[in-house]
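**Q** Handing you a structure now.
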There are 2 protein chains.
Amino acid sequence: MTEPLLLTPGPTPIQPDAQAALHKPMLGHMDPQVFELNARIQRNLRRMYGAAEGAFTALAAGTGSLGMEAGFANLLEPGDEIVVCTNGEFGERMAEMSERYGARVTRIYAEPGRAVDLEEVRAALASEPKLVAVVHGETSTGVINPAPEIARAAFGRTLVTVDAVTTAGMMEFCMDEWGVDYAYTGSQKCLSAPPGVAPIAVSARALEAVRARKTPVSLWYCDFEGMQAYWDRRQYHHTVPVQLHYALDAALQAALDEGLEARARRTITLNAAVAEALLPLGFSHFVENPRDRLPTVLALRLPAGLEDAPLRAALRERGISITGGLGATAGKIWRLGLMGEAARPEHYRRLFRELAVLLGARDLEERFEARLAGCALSH
Amino acid sequence: MTEPLLLTPGPTPIQPDAQAALHKPMLGHMDPQVFELNARIQRNLRRMYGAAEGAFTALAAGTGSLGMEAGFANLLEPGDEIVVCTNGEFGERMAEMSERYGARVTRIYAEPGRAVDLEEVRAALASEPKLVAVVHGETSTGVINPAPEIARAAFGRTLVTVDAVTTAGMMEFCMDEWGVDYAYTGSQKCLSAPPGVAPIAVSARALEAVRARKTPVSLWYCDFEGMQAYWDRRQYHHTVPVQLHYALDAALQAALDEGLEARARRTITLNAAVAEALLPLGFSHFVENPRDRLPTVLALRLPAGLEDAPLRAALRERGISITGGLGATAGKIWRLGLMGEAARPEHYRRLFRELAVLLGARDLEERFEARLAGCALSH
């Protein structure tokens with residue numbers, strides 16, 4: 001196997017402490033050392049999400065989509081009304097899951113590449129649905145949606161689910177302050193841990209709503225009350241992937257040690273330098289409104305005449321993996337990942353070294369370095 | 001962290017190839033190398049389960065309980081009838097999950113420590129329910145249920161789910177020959193891979209039943225059609241835990257290289273030697289009928305006067321982890337694990353060395369060695 005440099009919108013290159021932690025001793029899921037580890041993970045997730053003391057934090061034992069599903073499975077009952085913001089692959093996935101759980105779904109649609117319109121969401125909230133769901137950063141298009149404003153608009157009347165997959169751990173996320181009731185991400189995104197666990201946070205209000213359900217949660221595996229039995233009361237519910245707990249714990253600790261503000265600066269600065277290096281070559285922002293651009297996933301339209309597949313294949317042969325579009329944008333855009341360990345200047349230096357040769361554009365590297373030097377971000 | 005020797009009914013000590021495989025390079029879930037790996041896992045799972053060519057095999061991206069849940073989520077619709085054999089914790093979990101998915105559940109109960117009665121199951125099958133579910137080896141009691149006979153009795157009229165958590169990969173499992181439609185296990189049981197993926201196998205008949213559903217599968221994450229899109233057609237469905245795929249693949253290959261018959265012999269022989277060593281100390285079989293005893297989990301009643309908790313705590317201090325009873329059997333039985341890497345004479349030698357001191361029973365080790373020598377199983 002050869003290891004490509006992953007400059008994709010996930011998974012990201014594994015954080016070194018997380019990689020090392022995979023080799024900690026095998027322990028059973030009921031071992032007191034594992035419960036101590038779990039408690040530290042729960043505390044640190046509260047910090048990462050800006051969650052209140054009464055919020056429940058944990059790792060769902062699956063990848064990020066299971067984190068998404070856990071929210072709908074617990075917070076929706078058949079017939080419940082939900083407003084789902086759909087302006088990309090993952091918003092649409094939220095709507096589909098909600099329908100599978102029997103909810104009546106109102107979609108607030110925006111074209112891929114645009115953020116959802118806050119006023120449209122506000123209008124839909126007037127009927128006081130049970131839940132509103134929004135993807136904070138749409139991985140599929142590089143758009144950031146106004147999740148904090150949506151949460152504030154819903155506060156006190158409608159529960160709020162926010163997909164934090166490309167934001168929490170790298171960008172500001174203030175669950176309690178914004179009024180978010182359920183948030184989730186994947187371990188392999190902003191934290192750069194191995195994939196396979198989904199950090200979740202559930203507000204006290206949401207837990208109350210689960211207790212008030214008329215029907216049981218069909219998803220036994222991620223029933224919040226079952227998860228609380230294990231995480232809070234140290235009772236057996238199901239086996240957990242301990243190696244992935246070790247690795248997530250190490251990556252999360254490293255993220256908090258670096259500081260969430262410093263991480264956000266790292267991404268924002270690098271994003272600007274990468275864009276500045278590429279735009280003069282004819283690349284253009286897929287997300288037209290600067291306010292809607294997600295710092296952790298840079299979506300760029302390809303220059304006319306530049307063929308997507310052969311160029312990405314050539315980069316892949318040189319050991320660098322970047323991602324194209326999904327669905328309607330396939331062949332038309334690139335999505336460059338700036339989450340966690342992907343957001344390192346040396347990685348993009350390597351990309352630009354190869355691209356400079358492939359595209360015959362030597363000034364690419366110079367522009368990148370000049371911009372970075374101006375921001376004091378060089379390593 | 002200190003690493004205990006895990007002689008529990010799961011998780012088991014990690015198989016060395018699987019441990020090493022955790023450090024293979026990080027690859028994205030859509031990398032061609034990962035798809036090749038997945039295809040090998042699928043082929044090898046067919047061999048492990050004795051599945052037909054048309055069966056779908058894969059890893060569900062969660063622990064064994066998610067494998068259990070995936071079966072009910074896909075094969076049951078609200079109002080469907082199911083017969084569930086409940087003679088322990090995991091049979092009862094199956095019944096609970098089926099109820100959560102809206103099925104009408106008929107429980108065939110047997111006391112913990114006894115196998116379910118085949119004639120009772122046959123009688124319940126007369127009404128031709130949609131599904132019958134049975135735990136092959138009940139981890140919670142050390143009982144083996146007549147899964148092959150139940151599957152044969154249901155064949156052609158009722159679909160059959162078998163929990164293979166303590167059997168597949170270590171004991172004979174003939175999915176196709178017996179007529180099983182859905183089987184699952186956990187990676188950390190008989191295969192001794194790290195926990196976090198659930199190997200599943202779905203018959204062509206079961207896939208047909210899923211396609212004929214009137215309602216969508218609520219569990220998007222493990223919808224068999226979505227899983228097939230990824231595993232069979234190499235389309236994106238959700239991220240997978242690649243490190244756990246590497247490790248499972250290595251452990252599965254090692255199991256097949258050793259040979260499933262050789263593994264069964266290893267467990268059966270060691271089980272007999274462990275029992276023979278302990279019975280003269282006053283331990284007795286919790287499962288009275290020898291025919292109902294599961295080779296991979298030896299459940300023994302404690303001798304009168306021997307206190308469970310302090311003795312297991314003393315062993316744990318000496319670095320050995322064994323498991324007591326669950327629920328009604330707590331404090332009364334021990335459950336000794338003989339799955340995968342736990343089923344090694346040297347591990348039980350270490351247990352008996354410590355137990356000989358703690359119980360003042362020097363002949364324990366001699367009896368164990370004598371029996372092993374008679375079976376040509378010494379390493």
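Residue names in the structure tokens use chain letters A, B, ... in the order shown, residue numbers from 1 in each chain, and ligand numbers from 1 in the order shown.
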Could you tell me which residues of chain B sit within 8 Å of chain A when counting only C-alpha atoms, and give me the result as a count of residues only?

**A** 43

**Q** Just list the residues in segment 76-299 of chain A DSSP gives strand (DSSP E) on the backbone, as number ranges by chain.

**A** A: 81-86, 104-109, 131-135, 137-138, 143-144, 159-163, 182-184, 198-202, 284-285, 297-299

**Q** Report as a list in words all protein, DNA and RNA residues lying within 6 Å of segment 288-295 of chain A, evaluated on only C-alpha atoms, omitting residues in the same chain fewer than 4 positions from it.

**A** Ala115, Gly142, Val143, Ile144 and Ile268 of chain A

**Q** Please save all heavy atoms of the selected residues as a compact mmCIF listing (two decimals), in the first residue's frame.

**A**
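Heads up, here's the output in result-v4.txt:
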# COMPACT_ATOMS: atom_id res chain seq x y z
N ALA A 115 -25.51 29.70 0.33
CA ALA A 115 -26.01 29.40 1.67
C ALA A 115 -27.53 29.46 1.65
O ALA A 115 -28.12 30.12 0.79
CB ALA A 115 -25.45 30.41 2.67
N GLY A 142 -18.55 23.40 -0.18
CA GLY A 142 -17.70 24.43 0.41
C GLY A 142 -18.46 25.65 0.89
O GLY A 142 -17.92 26.75 0.97
N VAL A 143 -19.74 25.46 1.25
CA VAL A 143 -20.57 26.57 1.72
C VAL A 143 -20.73 26.51 3.23
O VAL A 143 -20.89 25.43 3.79
CB VAL A 143 -21.98 26.50 1.05
CG1 VAL A 143 -22.99 27.34 1.81
CG2 VAL A 143 -21.89 26.92 -0.40
N ILE A 144 -20.70 27.68 3.88
CA ILE A 144 -21.04 27.73 5.30
C ILE A 144 -22.44 28.34 5.42
O ILE A 144 -22.74 29.37 4.83
CB ILE A 144 -19.98 28.47 6.13
CG1 ILE A 144 -20.25 28.29 7.63
CG2 ILE A 144 -19.86 29.96 5.75
CD1 ILE A 144 -19.03 28.53 8.51
N ILE A 268 -8.13 29.50 8.20
CA ILE A 268 -8.55 30.70 7.45
C ILE A 268 -7.37 31.27 6.67
O ILE A 268 -7.50 31.61 5.49
CB ILE A 268 -9.15 31.73 8.43
CG1 ILE A 268 -10.49 31.20 8.96
CG2 ILE A 268 -9.32 33.09 7.76
CD1 ILE A 268 -11.04 31.95 10.18

**Q** Please extract the residues of segment 179-374 of chain B with a backbone DSSP assignment of helix (DSSP H, G or I) and present them as a ChimeraX atom specification.

**A** /B:204-211,220-222,224-231,242-258,260-281,290-292,308-317,327-329,340-342,345-359,363-374

**Q** One decimal, Å: what's the distance from atom CA of Ala198 of chain A over to atom CA of Val165 of chain A, could you say?

**A**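 Spanning atom CA of Ala198 of chain A to atom CA of Val165 of chain A is a straight-line distance of 9.2 Å.
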
**Q** Between B:Gly360, B:Gly79, B:Pro199, B:Gly71, which has the minimum distance to Ala133 of chain B (counting only C-alpha atoms)?

**A**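 Once distances to Ala133 of chain B are computed over only C-alpha atoms, the minimum belongs to B:Gly71.
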